[in-house]
Structure formats: C-alpha cells, structure tokens
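Enquirer: Pasting input31.pdb below, which is PDB, C-alpha atoms, pLDDT in the B column.
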```pdb
ATOM      1  CA  MET A1320       0.000   0.000   0.000  1.00 59.00           C
ATOM      2  CA  THR A1321       1.388   3.389  -1.013  1.00 66.00           C
ATOM      3  CA  VAL A1322       0.932   6.321   1.321  1.00 64.00           C
ATOM      4  CA  LEU A1323       0.472   9.646  -0.434  1.00 60.00           C
ATOM      5  CA  PRO A1324       1.658  12.816   1.286  1.00 61.00           C
ATOM      6  CA  LEU A1325      -0.948  15.297   2.386  1.00 63.00           C
ATOM      7  CA  ALA A1326      -1.180  18.509   0.420  1.00 58.00           C
ATOM      8  CA  PRO A1327      -0.326  21.661   2.368  1.00 58.00           C
ATOM      9  CA  PRO A1328      -3.322  23.755   3.378  1.00 56.00           C
ATOM     10  CA  ALA A1329      -4.305  26.395   0.868  1.00 60.00           C
ATOM     11  CA  SER A1330      -3.127  29.850   1.748  1.00 55.00           C
ATOM     12  CA  PRO A1331      -5.787  32.526   2.005  1.00 56.00           C
ATOM     13  CA  ARG A1332      -5.971  34.759  -1.028  1.00 60.00           C
ATOM     14  CA  ILE A1333      -6.034  38.491  -0.680  1.00 57.00           C
ATOM     15  CA  ALA A1334      -8.810  39.979  -2.735  1.00 56.00           C
ATOM     16  CA  GLY A1335      -7.667  42.561  -5.204  1.00 51.00           C
ATOM     17  CA  PRO A1336      -9.196  44.176  -8.220  1.00 51.00           C
ATOM     18  CA  PRO A1337     -10.716  41.647 -10.609  1.00 55.00           C
ATOM     19  CA  GLN A1338      -8.398  40.585 -13.385  1.00 57.00           C
ATOM     20  CA  ARG A1339      -9.955  40.921 -16.804  1.00 58.00           C
ATOM     21  CA  ALA A1340      -8.688  38.708 -19.553  1.00 60.00           C
ATOM     22  CA  GLU A1341      -8.554  39.695 -23.183  1.00 63.00           C
ATOM     23  CA  GLY A1342     -11.986  39.254 -24.712  1.00 82.00           C
ATOM     24  CA  HIS A1343     -13.779  39.641 -21.380  1.00 88.00           C
ATOM     25  CA  ALA A1344     -16.121  42.221 -22.869  1.00 90.00           C
ATOM     26  CA  ASP A1345     -16.963  39.915 -25.772  1.00 92.00           C
ATOM     27  CA  VAL A1346     -17.786  37.027 -23.448  1.00 93.00           C
ATOM     28  CA  LEU A1347     -19.820  39.290 -21.186  1.00 93.00           C
ATOM     29  CA  MET A1348     -21.820  40.665 -24.119  1.00 94.00           C
ATOM     30  CA  GLU A1349     -22.429  37.129 -25.417  1.00 95.00           C
ATOM     31  CA  LYS A1350     -23.815  36.107 -22.025  1.00 94.00           C
ATOM     32  CA  ALA A1351     -25.947  39.256 -21.824  1.00 95.00           C
ATOM     33  CA  ARG A1352     -27.417  38.508 -25.269  1.00 96.00           C
ATOM     34  CA  ALA A1353     -28.126  34.912 -24.234  1.00 96.00           C
ATOM     35  CA  LEU A1354     -29.971  36.189 -21.163  1.00 96.00           C
ATOM     36  CA  GLU A1355     -31.963  38.644 -23.274  1.00 96.00           C
ATOM     37  CA  ALA A1356     -32.887  35.815 -25.669  1.00 96.00           C
ATOM     38  CA  ALA A1357     -34.047  33.640 -22.757  1.00 96.00           C
ATOM     39  CA  PHE A1358     -36.117  36.523 -21.403  1.00 96.00           C
ATOM     40  CA  LEU A1359     -37.697  37.190 -24.799  1.00 95.00           C
ATOM     41  CA  ALA A1360     -38.466  33.488 -25.328  1.00 94.00           C
ATOM     42  CA  GLU A1361     -40.249  33.388 -21.990  1.00 93.00           C
ATOM     43  CA  MET A1362     -42.218  36.535 -22.787  1.00 93.00           C
ATOM     44  CA  LEU A1363     -43.168  35.198 -26.234  1.00 91.00           C
ATOM     45  CA  GLY A1364     -44.445  32.053 -24.531  1.00 88.00           C
ATOM     46  CA  HIS A1365     -46.553  34.044 -22.078  1.00 88.00           C
ATOM     47  CA  ALA A1366     -47.899  36.080 -24.985  1.00 89.00           C
ATOM     48  CA  GLY A1367     -49.210  32.865 -26.517  1.00 82.00           C
ATOM     49  CA  LEU A1368     -46.859  32.594 -29.497  1.00 72.00           C
ATOM     50  CA  GLY A1369     -46.909  29.045 -30.835  1.00 66.00           C
ATOM     51  CA  GLU A1370     -50.141  27.982 -29.169  1.00 67.00           C
ATOM     52  CA  THR A1371     -52.782  26.493 -31.426  1.00 66.00           C
ATOM     53  CA  ASP A1372     -56.446  25.956 -30.702  1.00 65.00           C
ATOM     54  CA  GLY A1373     -58.640  23.457 -32.408  1.00 60.00           C
ATOM     55  CA  ALA A1374     -59.321  19.771 -32.795  1.00 57.00           C
ATOM     56  CA  PHE A1375     -56.108  18.917 -34.633  1.00 59.00           C
ATOM     57  CA  THR A1376     -53.388  20.118 -32.309  1.00 68.00           C
ATOM     58  CA  GLY A1377     -50.223  18.182 -31.648  1.00 68.00           C
ATOM     59  CA  GLY A1378     -50.717  17.964 -27.900  1.00 70.00           C
ATOM     60  CA  ALA A1379     -47.724  17.818 -25.585  1.00 70.00           C
ATOM     61  CA  GLY A1380     -45.282  17.227 -28.440  1.00 74.00           C
ATOM     62  CA  GLU A1381     -46.394  20.348 -30.233  1.00 78.00           C
ATOM     63  CA  ALA A1382     -46.036  22.357 -27.033  1.00 71.00           C
ATOM     64  CA  GLN A1383     -42.455  21.145 -26.643  1.00 74.00           C
ATOM     65  CA  PHE A1384     -41.466  21.971 -30.202  1.00 82.00           C
ATOM     66  CA  ALA A1385     -43.232  25.336 -29.998  1.00 84.00           C
ATOM     67  CA  SER A1386     -40.794  26.266 -27.235  1.00 84.00           C
ATOM     68  CA  PHE A1387     -37.878  25.519 -29.574  1.00 88.00           C
ATOM     69  CA  LEU A1388     -39.444  27.810 -32.173  1.00 88.00           C
ATOM     70  CA  ARG A1389     -39.886  30.581 -29.596  1.00 91.00           C
ATOM     71  CA  GLU A1390     -36.236  30.253 -28.527  1.00 93.00           C
ATOM     72  CA  GLU A1391     -35.022  30.585 -32.118  1.00 94.00           C
ATOM     73  CA  GLN A1392     -37.309  33.537 -32.747  1.00 94.00           C
ATOM     74  CA  ALA A1393     -35.996  35.196 -29.579  1.00 95.00           C
ATOM     75  CA  ARG A1394     -32.383  34.640 -30.739  1.00 96.00           C
ATOM     76  CA  ALA A1395     -33.282  36.195 -34.100  1.00 96.00           C
ATOM     77  CA  LEU A1396     -34.790  39.204 -32.322  1.00 95.00           C
ATOM     78  CA  VAL A1397     -31.618  39.656 -30.267  1.00 96.00           C
ATOM     79  CA  ALA A1398     -29.410  39.287 -33.369  1.00 95.00           C
ATOM     80  CA  ARG A1399     -31.342  42.151 -34.980  1.00 95.00           C
ATOM     81  CA  GLY A1400     -30.935  44.457 -31.993  1.00 93.00           C
ATOM     82  CA  GLY A1401     -33.358  43.068 -29.433  1.00 93.00           C
ATOM     83  CA  ILE A1402     -35.049  45.355 -26.957  1.00 94.00           C
ATOM     84  CA  GLY A1403     -31.875  46.795 -25.423  1.00 94.00           C
ATOM     85  CA  LEU A1404     -31.811  44.485 -22.435  1.00 95.00           C
ATOM     86  CA  ALA A1405     -28.432  42.956 -23.362  1.00 95.00           C
ATOM     87  CA  GLU A1406     -26.779  46.377 -23.537  1.00 95.00           C
ATOM     88  CA  SER A1407     -28.212  47.357 -20.153  1.00 95.00           C
ATOM     89  CA  LEU A1408     -27.039  44.088 -18.604  1.00 93.00           C
ATOM     90  CA  PHE A1409     -23.607  44.504 -20.172  1.00 94.00           C
ATOM     91  CA  ARG A1410     -23.201  48.015 -18.763  1.00 93.00           C
ATOM     92  CA  ALA A1411     -24.366  46.893 -15.313  1.00 93.00           C
ATOM     93  CA  LEU A1412     -22.119  43.822 -15.215  1.00 88.00           C
ATOM     94  CA  SER A1413     -19.065  45.613 -16.566  1.00 88.00           C
ATOM     95  CA  GLY A1414     -19.255  48.213 -13.839  1.00 82.00           C
ATOM     96  CA  GLY A1415     -20.717  50.982 -15.964  1.00 68.00           C
ATOM     97  CA  THR A1416     -17.662  51.149 -18.194  1.00 56.00           C
ATOM     98  CA  ASP A1417     -17.487  50.539 -21.890  1.00 53.00           C
ATOM     99  CA  GLY A1418     -15.956  47.115 -21.227  1.00 46.00           C
ATOM    100  CA  GLN A1419     -12.351  48.272 -21.592  1.00 51.00           C
ATOM    101  CA  GLY A1420     -10.346  47.311 -18.541  1.00 45.00           C
TER     102      GLY A1420
END
```
The structure in this file should be written as structure tokens.

Expert:
Amino acid sequence: MTVLPLAPPASPRIAGPPQRAEGHADVLMEKARALEAAFLAEMLGHAGLGETDGAFTGGAGEAQFASFLREEQARALVARGGIGLAESLFRALSGGTDGQG
C-alpha cells in the first residue's frame, strides 16, 4: 500500500481588483445577449406565441417543439438588436464602463 503525502493547506488569497482577460467584454456581451434571448423566449411564450387551438393540435409534443421555435425567434430578435436588455445588462455587469479594462 502506497501512502500519499498530504497537500499543504491552501493559503488565504487576498482579494484585489478583478483581473480581466482579453476578450472579457466579448464574453460578457455574449452572455448578456443569451440572457436577453431567454427573457424574450419566456415573454413570447406568455404572450401565446406558438399555441394552437382546435381539434387537430399536436398535444404535448407540439407544445415542446413550440418552445424551440420561440427560442429561435428570440435569438433572431436579439441578433437584430433586441429590446436593449443585453446592452443594459452589459453596462451593469461591466461596472458601468465601456468594457475596456
């Protein structure tokens, strides 16, 4: 039986200013757009987009695939400018700066 040495305890880290890697602003904006798309998809669902009434509906399967359609439509809305939510989220998450630094 081999005995492995114990690792030394981790030293406490001193919190400093957050380090921002190259492309941080791009990643942050991508995440903000994804959140805006999710929000829009949810709102489109509550607005009734994709719901069909009548005798020949697809039931639960149609409801599931309608959500995929709403998600794609929401992504298309965001790609064309959206409602400005992504930009607001980006500014708030980047500390009110333009994303540089």

Enquirer: Can you turn the PyMOL selection byres ((chain A and resi 1394) around 9) into a concrete residue list for this file, as a ChimeraX atom specification?

Expert: /A:1352-1353,1355-1357,1359-1360,1389-1393,1395-1399,1401

Enquirer: Based on the selection just made, write C-alpha atoms of those residues as a PDB file, in the frame of the given file.

Expert:
```pdb
ATOM      1  CA  ARG A1352     -27.417  38.508 -25.269  1.00 96.00           C
ATOM      2  CA  ALA A1353     -28.126  34.912 -24.234  1.00 96.00           C
ATOM      3  CA  GLU A1355     -31.963  38.644 -23.274  1.00 96.00           C
ATOM      4  CA  ALA A1356     -32.887  35.815 -25.669  1.00 96.00           C
ATOM      5  CA  ALA A1357     -34.047  33.640 -22.757  1.00 96.00           C
ATOM      6  CA  LEU A1359     -37.697  37.190 -24.799  1.00 95.00           C
ATOM      7  CA  ALA A1360     -38.466  33.488 -25.328  1.00 94.00           C
ATOM      8  CA  ARG A1389     -39.886  30.581 -29.596  1.00 91.00           C
ATOM      9  CA  GLU A1390     -36.236  30.253 -28.527  1.00 93.00           C
ATOM     10  CA  GLU A1391     -35.022  30.585 -32.118  1.00 94.00           C
ATOM     11  CA  GLN A1392     -37.309  33.537 -32.747  1.00 94.00           C
ATOM     12  CA  ALA A1393     -35.996  35.196 -29.579  1.00 95.00           C
ATOM     13  CA  ALA A1395     -33.282  36.195 -34.100  1.00 96.00           C
ATOM     14  CA  LEU A1396     -34.790  39.204 -32.322  1.00 95.00           C
ATOM     15  CA  VAL A1397     -31.618  39.656 -30.267  1.00 96.00           C
ATOM     16  CA  ALA A1398     -29.410  39.287 -33.369  1.00 95.00           C
ATOM     17  CA  ARG A1399     -31.342  42.151 -34.980  1.00 95.00           C
ATOM     18  CA  GLY A1401     -33.358  43.068 -29.433  1.00 93.00           C
TER      19      GLY A1401
END
```

Enquirer: Enter the distance from atom CA of A:Ser1386 to atom CA of A:Gly1364, in Å, rounded to one decimal.

Expert: 7.4 Å

Enquirer: Could you tell me how far atom CA of A:Glu1349 sits from atom CA of A:Gly1414, in Å to one decimal place?

Expert: 16.3 Å

Enquirer: Distance atom CA of A:Gly1378-atom CA of A:Met1362, one decimal place?

Expert: 21.1 Å

Enquirer: Taking the file as I've supplied it (selection: the PyMOL selection byres ((chain A and resi 1409) around 12)), which residues are included? Please answer as number ranges by chain.

Expert: A: 1343-1355, 1403-1408, 1410-1419

Enquirer: A:Ala1379, A:Gly1400, A:Leu1388, A:Gly1342: which is nearest A:Glu1361, counting all atoms listed in the file?

Expert: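 Of the candidates, the smallest distance to A:Glu1361 is held by A:Leu1388.
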